[in-house]
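Okay, so here's the structure we're looking at.
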Amino acid sequence: MLVDALDSLMKESLYIIDKENHNLSEELIRVSPVDTGAFKRSWSESRRSKYSWSIQNHQEYATILASGRRTVMGKSYGSEQWSDGLAPVLKRADNAIQTKLDKVMR
């Protein structure tokens, strides 16, 4: 029946997203730059609702690290250890989710 098929697709899609969210959280911890270790220890993940997930880092300098290393008016800002910041990690996660969801939808 169509309703059962759609329900199955939804459940499988949510499982994929939930699992990939957890994988992303672990990857963020793994690739986090370490000076004192505070940033690396500050990652947290939660499932807020059936369709909402959250990964956060509340260190005061988290947004600086996430932005990557950049030069503004001749002065460099950001982590030398995480020069590309968060963007490549998020892109890999997005690609992994999309690839797996595409397989489910075939």
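In the structure tokens, the first chain shown is A, the next is B, and so on; residue numbers restart at 1 for each chain, and ligands run from 1 in the order shown.
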Point to revise | Picked from chain A by DSSP as helix (DSSP H, G or I), as a ChimeraX atom specification | key: /A:2-31,38-41,62-67,87-104
For the residues in that selection, give me C-alpha atoms as a short mmCIF file (atom, residue, chain, number, x, y, z; two decimals), in the first residue's frame.
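File produced: result_15.cif:
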data_model
loop_
_atom_site.label_atom_id
_atom_site.label_comp_id
_atom_site.auth_asym_id
_atom_site.auth_seq_id
_atom_site.Cartn_x
_atom_site.Cartn_y
_atom_site.Cartn_z
CA LEU A 2 1.20 3.54 -0.79
CA VAL A 3 0.82 4.78 2.80
CA ASP A 4 2.96 1.91 4.11
CA ALA A 5 5.61 2.57 1.46
CA LEU A 6 5.72 6.29 2.34
CA ASP A 7 5.89 5.47 6.06
CA SER A 8 8.80 3.12 5.41
CA LEU A 9 10.62 5.77 3.34
CA MET A 10 10.13 8.33 6.10
CA LYS A 11 11.40 5.99 8.81
CA GLU A 12 14.45 5.00 6.78
CA SER A 13 15.20 8.64 5.91
CA LEU A 14 14.95 9.72 9.55
CA TYR A 15 17.21 6.84 10.59
CA ILE A 16 19.82 7.96 8.02
CA ILE A 17 19.67 11.58 9.12
CA ASP A 18 19.86 10.63 12.80
CA LYS A 19 22.86 8.36 12.20
CA GLU A 20 24.65 10.93 10.02
CA ASN A 21 24.02 13.64 12.61
CA HIS A 22 25.78 11.45 15.16
CA ASN A 23 28.61 10.77 12.66
CA LEU A 24 28.96 14.52 12.11
CA SER A 25 29.16 15.12 15.85
CA GLU A 26 31.91 12.52 16.19
CA GLU A 27 33.77 13.98 13.19
CA LEU A 28 33.63 17.49 14.67
CA ILE A 29 35.16 16.20 17.88
CA ARG A 30 37.81 14.27 15.96
CA VAL A 31 38.91 17.21 13.76
CA ALA A 38 38.30 23.06 25.87
CA PHE A 39 36.87 23.50 22.37
CA LYS A 40 37.06 19.79 21.60
CA ARG A 41 35.31 18.90 24.88
CA ALA A 62 33.72 28.68 18.49
CA THR A 63 32.45 30.97 15.73
CA ILE A 64 35.98 32.23 15.08
CA LEU A 65 37.28 28.67 14.68
CA ALA A 66 34.27 27.65 12.59
CA SER A 67 34.95 30.51 10.18
CA ALA A 87 32.86 24.30 5.96
CA PRO A 88 34.64 21.16 4.63
CA VAL A 89 33.29 19.02 7.48
CA LEU A 90 29.74 20.21 6.85
CA LYS A 91 30.08 19.67 3.10
CA ARG A 92 31.23 16.06 3.62
CA ALA A 93 28.32 15.44 5.99
CA ASP A 94 25.84 16.99 3.59
CA ASN A 95 27.17 14.87 0.72
CA ALA A 96 26.98 11.68 2.83
CA ILE A 97 23.38 12.39 3.83
CA GLN A 98 22.33 13.27 0.30
CA THR A 99 23.98 10.18 -1.21
CA LYS A 100 22.27 7.87 1.29
CA LEU A 101 18.89 9.55 0.93
CA ASP A 102 19.15 9.35 -2.86
CA LYS A 103 19.62 5.57 -2.57
CA VAL A 104 16.51 5.30 -0.36
#
Exercise for review: Write down as a VMD selection string the residues belonging to segment 18-102 of chain A that are assigned strand (DSSP E) by DSSP computed on the backbone.
Suggested key: chain A and resid 43 to 49 52 to 57 70 to 72 75 to 77
**Study point:** 6 Å contact set for segment 74-84 of chain A, only C-alpha atoms, chain neighbours under 3 positions out, as a ChimeraX atom specification
**Key:** /A:33,64-65,68-71
